[in-house]
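Structure file work_2.pdb; described as PDB, C-alpha atoms.
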ATOM      1  CA  MET A 195     -42.054 -35.475  46.788
ATOM      2  CA  PHE A 196     -38.576 -36.956  46.174
ATOM      3  CA  ARG A 197     -38.914 -37.022  42.379
ATOM      4  CA  SER A 198     -36.254 -35.253  40.292
ATOM      5  CA  ARG A 199     -37.210 -31.928  38.824
ATOM      6  CA  SER A 200     -36.513 -33.030  35.241
ATOM      7  CA  LYS A 201     -39.184 -35.743  35.476
ATOM      8  CA  GLU A 202     -41.545 -33.237  37.064
ATOM      9  CA  ALA A 203     -40.917 -30.769  34.229
ATOM     10  CA  GLN A 204     -41.559 -33.491  31.631
ATOM     11  CA  ALA A 205     -44.813 -34.396  33.293
ATOM     12  CA  THR A 206     -46.084 -30.819  33.395
ATOM     13  CA  SER A 207     -44.805 -29.727  29.924
ATOM     14  CA  PRO A 208     -47.392 -29.959  27.168
ATOM     15  CA  GLN A 209     -46.778 -32.535  24.460
ATOM     16  CA  VAL A 210     -45.853 -31.045  21.078
ATOM     17  CA  ASN A 211     -47.955 -32.298  18.224
ATOM     18  CA  VAL A 212     -45.708 -33.736  15.496
ATOM     19  CA  ASP A 213     -48.228 -32.971  12.753
ATOM     20  CA  ARG A 214     -48.381 -29.258  13.636
ATOM     21  CA  PRO A 215     -45.513 -27.195  12.143
ATOM     22  CA  LYS A 216     -43.125 -25.545  14.620
ATOM     23  CA  GLN A 217     -43.910 -21.891  15.315
ATOM     24  CA  PRO A 218     -41.282 -19.413  14.119
ATOM     25  CA  ARG A 219     -39.194 -17.863  16.877
ATOM     26  CA  ASP A 220     -40.107 -14.375  17.959
ATOM     27  CA  PRO A 221     -37.207 -11.984  17.055
ATOM     28  CA  GLN A 222     -37.280 -10.516  20.578
ATOM     29  CA  ALA A 223     -37.083 -13.922  22.276
ATOM     30  CA  PRO A 224     -33.691 -15.257  23.407
ATOM     31  CA  LYS A 225     -32.169 -17.782  21.004
ATOM     32  CA  GLY A 226     -31.164 -20.278  23.687
ATOM     33  CA  ARG A 227     -27.386 -19.923  23.219
ATOM     34  CA  PRO A 228     -24.908 -17.098  23.722
ATOM     35  CA  THR A 229     -23.716 -15.059  20.752
ATOM     36  CA  PRO A 230     -20.214 -16.252  19.779
ATOM     37  CA  LYS A 231     -17.334 -13.807  20.195
ATOM     38  CA  ARG A 232     -15.678 -12.324  17.110
ATOM     39  CA  SER A 233     -12.423 -14.115  17.850
ATOM     40  CA  GLU A 234     -14.239 -17.463  17.951
ATOM     41  CA  THR A 235     -16.016 -16.873  14.628
ATOM     42  CA  ALA A 236     -12.769 -15.710  12.986
ATOM     43  CA  ARG A 237     -10.966 -18.817  14.267
ATOM     44  CA  ARG A 238     -13.757 -21.075  12.997
ATOM     45  CA  ARG A 239     -13.695 -19.365   9.611
ATOM     46  CA  SER A 240      -9.895 -19.673   9.311
ATOM     47  CA  LEU A 241     -10.010 -23.341  10.323
ATOM     48  CA  ALA A 242     -12.612 -24.005   7.657
ATOM     49  CA  HIS A 243     -10.353 -22.569   4.919
ATOM     50  CA  THR A 244      -7.051 -23.974   6.185
ATOM     51  CA  PRO A 245      -5.803 -26.995   4.236
ATOM     52  CA  ALA A 246      -5.186 -30.239   6.109
ATOM     53  CA  ASP A 247      -1.387 -30.402   5.663
ATOM     54  CA  ARG A 248       1.273 -27.709   6.012
ATOM     55  CA  LYS A 249       2.839 -28.447   2.638
ATOM     56  CA  GLU A 250      -0.403 -27.642   0.821
ATOM     57  CA  ALA A 251      -0.879 -24.503   2.957
ATOM     58  CA  GLY A 252       2.617 -23.272   2.075
ATOM     59  CA  LYS A 253       2.022 -23.949  -1.600
ATOM     60  CA  ARG A 254      -1.239 -21.976  -1.533
ATOM     61  CA  ALA A 255       0.401 -19.067   0.300
ATOM     62  CA  ARG A 256       3.267 -18.932  -2.241
ATOM     63  CA  GLU A 257       0.833 -18.994  -5.169
ATOM     64  CA  ALA A 258      -1.271 -16.220  -3.619
ATOM     65  CA  ARG A 259       1.862 -14.105  -2.970
ATOM     66  CA  ARG A 260       3.064 -14.678  -6.546
ATOM     67  CA  ALA A 261      -0.329 -13.649  -7.945
ATOM     68  CA  ASP A 262      -0.360 -10.491  -5.773
ATOM     69  CA  LEU A 263       3.141  -9.505  -6.893
ATOM     70  CA  ALA A 264       2.239 -10.081 -10.562
ATOM     71  CA  ARG A 265      -0.857  -7.879 -10.147
ATOM     72  CA  GLN A 266       1.242  -5.179  -8.465
ATOM     73  CA  ARG A 267       3.878  -5.254 -11.232
ATOM     74  CA  GLU A 268       1.174  -4.935 -13.867
ATOM     75  CA  ALA A 269      -0.486  -2.102 -11.927
ATOM     76  CA  LEU A 270       2.847  -0.275 -11.627
ATOM     77  CA  ALA A 271       3.342  -0.564 -15.386
ATOM     78  CA  ASN A 272      -0.148   0.602 -16.426
ATOM     79  CA  GLY A 273      -1.128   2.707 -13.378
ATOM     80  CA  ASP A 274      -4.143   0.653 -12.227
ATOM     81  CA  GLU A 275      -4.945   2.259  -8.847
ATOM     82  CA  ARG A 276      -6.700  -0.845  -7.433
ATOM     83  CA  TYR A 277      -3.636  -3.100  -7.332
ATOM     84  CA  LEU A 278      -0.866  -0.591  -6.607
ATOM     85  CA  PRO A 279       1.275  -1.213  -3.524
ATOM     86  CA  VAL A 280       0.118   0.640  -0.391
ATOM     87  CA  ARG A 281       2.927   3.222  -0.619
ATOM     88  CA  ASP A 282       1.690   4.310  -4.097
ATOM     89  CA  LYS A 283      -2.075   4.332  -3.422
ATOM     90  CA  GLY A 284      -4.325   7.330  -2.973
ATOM     91  CA  PRO A 285      -4.962  10.714  -4.563
ATOM     92  CA  VAL A 286      -2.217  12.429  -2.522
ATOM     93  CA  ARG A 287       0.485  10.090  -3.808
ATOM     94  CA  ALA A 288      -0.877  10.314  -7.377
ATOM     95  CA  TYR A 289      -0.716  14.117  -7.210
ATOM     96  CA  ALA A 290       2.847  13.989  -5.806
ATOM     97  CA  ARG A 291       3.906  11.709  -8.687
ATOM     98  CA  ASP A 292       2.338  13.990 -11.284
ATOM     99  CA  PHE A 293       3.907  17.056  -9.627
ATOM    100  CA  VAL A 294       7.378  15.503  -9.936
ATOM    101  CA  ASP A 295       6.848  14.071 -13.423
ATOM    102  CA  ALA A 296       5.761  17.450 -14.834
ATOM    103  CA  ARG A 297       9.141  19.044 -13.916
ATOM    104  CA  TYR A 298      12.804  18.642 -14.697
ATOM    105  CA  SER A 299      14.953  18.083 -11.628
ATOM    106  CA  VAL A 300      18.707  17.872 -11.153
ATOM    107  CA  SER A 301      18.315  14.677  -9.087
ATOM    108  CA  GLU A 302      17.134  12.576 -12.020
ATOM    109  CA  PHE A 303      20.455  13.236 -13.822
ATOM    110  CA  PHE A 304      22.517  12.227 -10.787
ATOM    111  CA  LEU A 305      23.456   8.734 -12.050
ATOM    112  CA  PRO A 306      24.700   9.819 -15.500
ATOM    113  CA  LEU A 307      26.555  12.770 -13.930
ATOM    114  CA  ALA A 308      28.104  10.498 -11.280
ATOM    115  CA  VAL A 309      29.367   8.081 -13.950
ATOM    116  CA  LEU A 310      30.800  10.976 -15.989
ATOM    117  CA  ILE A 311      32.561  12.469 -12.951
ATOM    118  CA  LEU A 312      33.989   9.051 -11.977
ATOM    119  CA  VAL A 313      35.388   8.600 -15.484
ATOM    120  CA  LEU A 314      36.884  12.109 -15.394
ATOM    121  CA  SER A 315      38.419  11.429 -11.972
ATOM    122  CA  MET A 316      40.535   8.669 -13.555
ATOM    123  CA  ILE A 317      42.398  11.263 -15.613
ATOM    124  CA  ASN A 318      45.469  11.963 -13.533
ATOM    125  CA  ARG A 319      46.623  15.471 -14.502
ATOM    126  CA  GLY A 320      47.517  17.664 -11.543
ATOM    127  CA  ALA A 321      44.981  20.520 -11.329
ATOM    128  CA  PHE A 322      42.324  18.550 -13.257
ATOM    129  CA  GLN A 323      41.547  16.483 -10.124
ATOM    130  CA  ALA A 324      40.623  19.688  -8.282
ATOM    131  CA  TYR A 325      38.112  20.554 -11.025
ATOM    132  CA  VAL A 326      36.589  17.061 -10.803
ATOM    133  CA  LEU A 327      36.187  17.447  -7.040
ATOM    134  CA  LEU A 328      34.614  20.859  -7.587
ATOM    135  CA  ALA A 329      32.193  19.294 -10.104
ATOM    136  CA  TRP A 330      31.155  16.719  -7.436
ATOM    137  CA  LEU A 331      30.461  19.510  -4.960
ATOM    138  CA  VAL A 332      28.464  21.537  -7.519
ATOM    139  CA  VAL A 333      26.313  18.524  -8.447
ATOM    140  CA  ILE A 334      25.599  17.646  -4.797
ATOM    141  CA  LEU A 335      24.804  21.267  -3.926
ATOM    142  CA  ALA A 336      22.493  21.583  -6.943
ATOM    143  CA  ILE A 337      20.636  18.383  -5.953
ATOM    144  CA  VAL A 338      20.185  19.566  -2.352
ATOM    145  CA  LEU A 339      18.932  23.026  -3.371
ATOM    146  CA  ASN A 340      16.618  21.585  -6.024
ATOM    147  CA  SER A 341      15.213  19.036  -3.561
ATOM    148  CA  VAL A 342      14.567  21.680  -0.880
ATOM    149  CA  PHE A 343      12.815  23.974  -3.361
ATOM    150  CA  LEU A 344      10.737  21.122  -4.817
ATOM    151  CA  GLY A 345       9.826  19.828  -1.343
ATOM    152  CA  LEU A 346       8.617  23.239  -0.135
ATOM    153  CA  THR A 347       6.649  23.888  -3.329
ATOM    154  CA  LEU A 348       5.019  20.449  -3.226
ATOM    155  CA  LYS A 349       4.147  20.780   0.472
ATOM    156  CA  ARG A 350       2.382  24.092  -0.171
ATOM    157  CA  ALA A 351       0.534  22.670  -3.194
ATOM    158  CA  LEU A 352      -0.582  19.575  -1.244
ATOM    159  CA  LYS A 353      -1.909  21.683   1.651
ATOM    160  CA  GLN A 354      -3.962  23.767  -0.768
ATOM    161  CA  ARG A 355      -5.238  20.813  -2.784
ATOM    162  CA  PHE A 356      -5.845  18.318   0.058
ATOM    163  CA  PRO A 357      -6.542  20.333   3.232
ATOM    164  CA  ASN A 358      -8.274  17.477   5.096
ATOM    165  CA  GLU A 359      -6.119  14.551   3.909
ATOM    166  CA  ASN A 360      -3.204  12.870   5.677
ATOM    167  CA  LEU A 361      -0.104  14.238   3.906
ATOM    168  CA  LYS A 362       2.446  12.299   5.959
ATOM    169  CA  GLY A 363       5.248  10.881   3.827
ATOM    170  CA  ALA A 364       4.086  12.429   0.530
ATOM    171  CA  VAL A 365       7.028  14.851   0.180
ATOM    172  CA  PRO A 366       9.786  12.257   0.874
ATOM    173  CA  TYR A 367       7.940   9.904  -1.522
ATOM    174  CA  ALA A 368       8.097  12.565  -4.251
ATOM    175  CA  LEU A 369      11.756  13.375  -3.545
ATOM    176  CA  MET A 370      12.699   9.691  -3.835
ATOM    177  CA  ARG A 371      10.918   9.643  -7.189
ATOM    178  CA  THR A 372      13.074  12.551  -8.428
ATOM    179  CA  LEU A 373      16.187  10.416  -7.903
ATOM    180  CA  GLN A 374      14.997   7.972 -10.580
ATOM    181  CA  MET A 375      15.367   8.687 -14.273
ATOM    182  CA  ARG A 376      11.969   9.456 -15.795
ATOM    183  CA  ARG A 377      12.036   6.400 -18.060
ATOM    184  CA  LEU A 378      12.628   4.042 -15.102
ATOM    185  CA  ARG A 379       9.974   5.457 -12.743
ATOM    186  CA  LEU A 380       7.211   3.196 -11.473
ATOM    187  CA  PRO A 381       4.247   3.777 -11.635
ATOM    188  CA  LYS A 382       4.852   5.130 -15.116
ATOM    189  CA  PRO A 383       4.533   8.921 -15.511
ATOM    190  CA  LYS A 384       1.074  10.016 -16.722
ATOM    191  CA  VAL A 385       1.869  13.678 -17.398
ATOM    192  CA  LYS A 386       4.206  15.314 -19.877
ATOM    193  CA  ARG A 387       6.984  17.681 -18.915
ATOM    194  CA  GLY A 388       5.761  21.227 -18.403
ATOM    195  CA  GLU A 389       2.111  20.253 -17.788
ATOM    196  CA  LYS A 390       0.562  22.402 -15.069
ATOM    197  CA  ARG A 391      -0.428  20.478 -11.921
TER     198      ARG A 391
END
Hey, can you dump this file as structure tokens for me?
Amino acid sequence: MFRSRSKEAQATSPQVNVDRPKQPRDPQAPKGRPTPKRSETARRRSLAHTPADRKEAGKRAREARRADLARQREALANGDERYLPVRDKGPVRAYARDFVDARYSVSEFFLPLAVLILVLSMINRGAFQAYVLLAWLVVILAIVLNSVFLGLTLKRALKQRFPNENLKGAVPYALMRTLQMRRLRLPKPKVKRGEKR
């Protein structure tokens, strides 16, 4: 009457035969423990892969970062889509790059023109300075007009080509590419000038 329940349960439970193999668990039966939360499994997994000391962890992180950057540099040089940085990935960005690379734009000649105008501005001959200032204004106006025209044309082409894709940031990305000289652009241009896109 005053026995503990655990002893009572042991007395009434059938003895398991050691020789007989254990029956497999029914898939519908409870497993006897709660399912771990995702955060717990992620923490366990990260603890398993974390090195014992911080110095070793830092060294591993630096090596991994260095390897990633090397892969990205190589991808930018040869155009391997898998390892490109996030800003350059995807068919929308590839199309925007090709759209820009197939055309001449005033923006790509900005640096050489700026150097030329700076050199000319050093010549100190009365009315000549006014012409140099006018040249600055013409170059800036040409870049703005060319960029607006290119941006509108590209936006229309992207909407036709990729109606269901996210086009956010593609036009500014392309306009920034026009500011670089063709030879210095990364990823390297894949299309020739004048190719239809």
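Ranking A:Arg259, A:Val385, A:Glu275, A:Ile334 by their shortest atom-to-atom distance to Arg287 of chain A, with only C-alpha atoms included, puts A:Glu275 first.
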### Task
For Leu278 of chain A, work out the shell of residues within 7 Å, counting all atoms listed in the file and skipping chain neighbours fewer than 6 positions away, then give it as a VMD selection string.
chain A and resid 266 269 to 270
### Task
Please write the residues picked by the PyMOL selection byres ((chain A and resi 338) around 12) on this file as a ChimeraX atom specification.
/A:299-301,304,331-337,339-345,369,372-373
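Near Pro383 of chain A, within 10 Å and counting all atoms listed in the file, sit Ala271, Asn272, Gly273, Ala288, Arg291, Asp292, Val294, Asp295, Ala296, Arg376, Arg377, Leu378, Arg379, Leu380, Pro381, Val385, Lys386 and Arg387 of chain A, not including residues fewer than 2 positions from it in the same chain.
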Box centre and edge lengths (Å, one decimal), axis-aligned, segment 311-315 of chain A plus 4 Å each side, as AutoDock Vina command-line options:
--center_x 35.5 --center_y 10.5 --center_z -13.7 --size_x 13.9 --size_y 11.9 --size_z 11.5
### Task
Record the distance separating atom CA of Val280 of chain A and atom CA of Leu361 of chain A, expressed in Å with one decimal.
14.3 Å
### Message
Which residue is closest to Met375 of chain A? Choose from A:Asn358, A:Ala351, A:Tyr298, A:Ile317 and count only C-alpha atoms.
### Response
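With only C-alpha atoms as the atom set, the closest residue is A:Tyr298.
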### Task
Provide the atom CA of Lys384 of chain A to atom CA of Arg371 of chain A distance in Å, to one decimal place.
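A separation of 13.7 Å between them.
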### Task
Specify as a PyMOL selection string each residue included when the PyMOL selection byres ((chain A and resi 363) around 12) is applied to this file.
chain A and resi 281-282+286-287+290+345+348-349+352+359-362+364-370
### Pairwise distance for atom CA of Leu327 of chain A and atom CA of Gln374 of chain A, rounded to one decimal in Å
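These two atoms are separated by 23.5 Å.
Nearest to Val313 of chain A of all the residues A:Val326, A:Arg267, A:Ala255, A:Gln354 is A:Val326, counting only C-alpha atoms.
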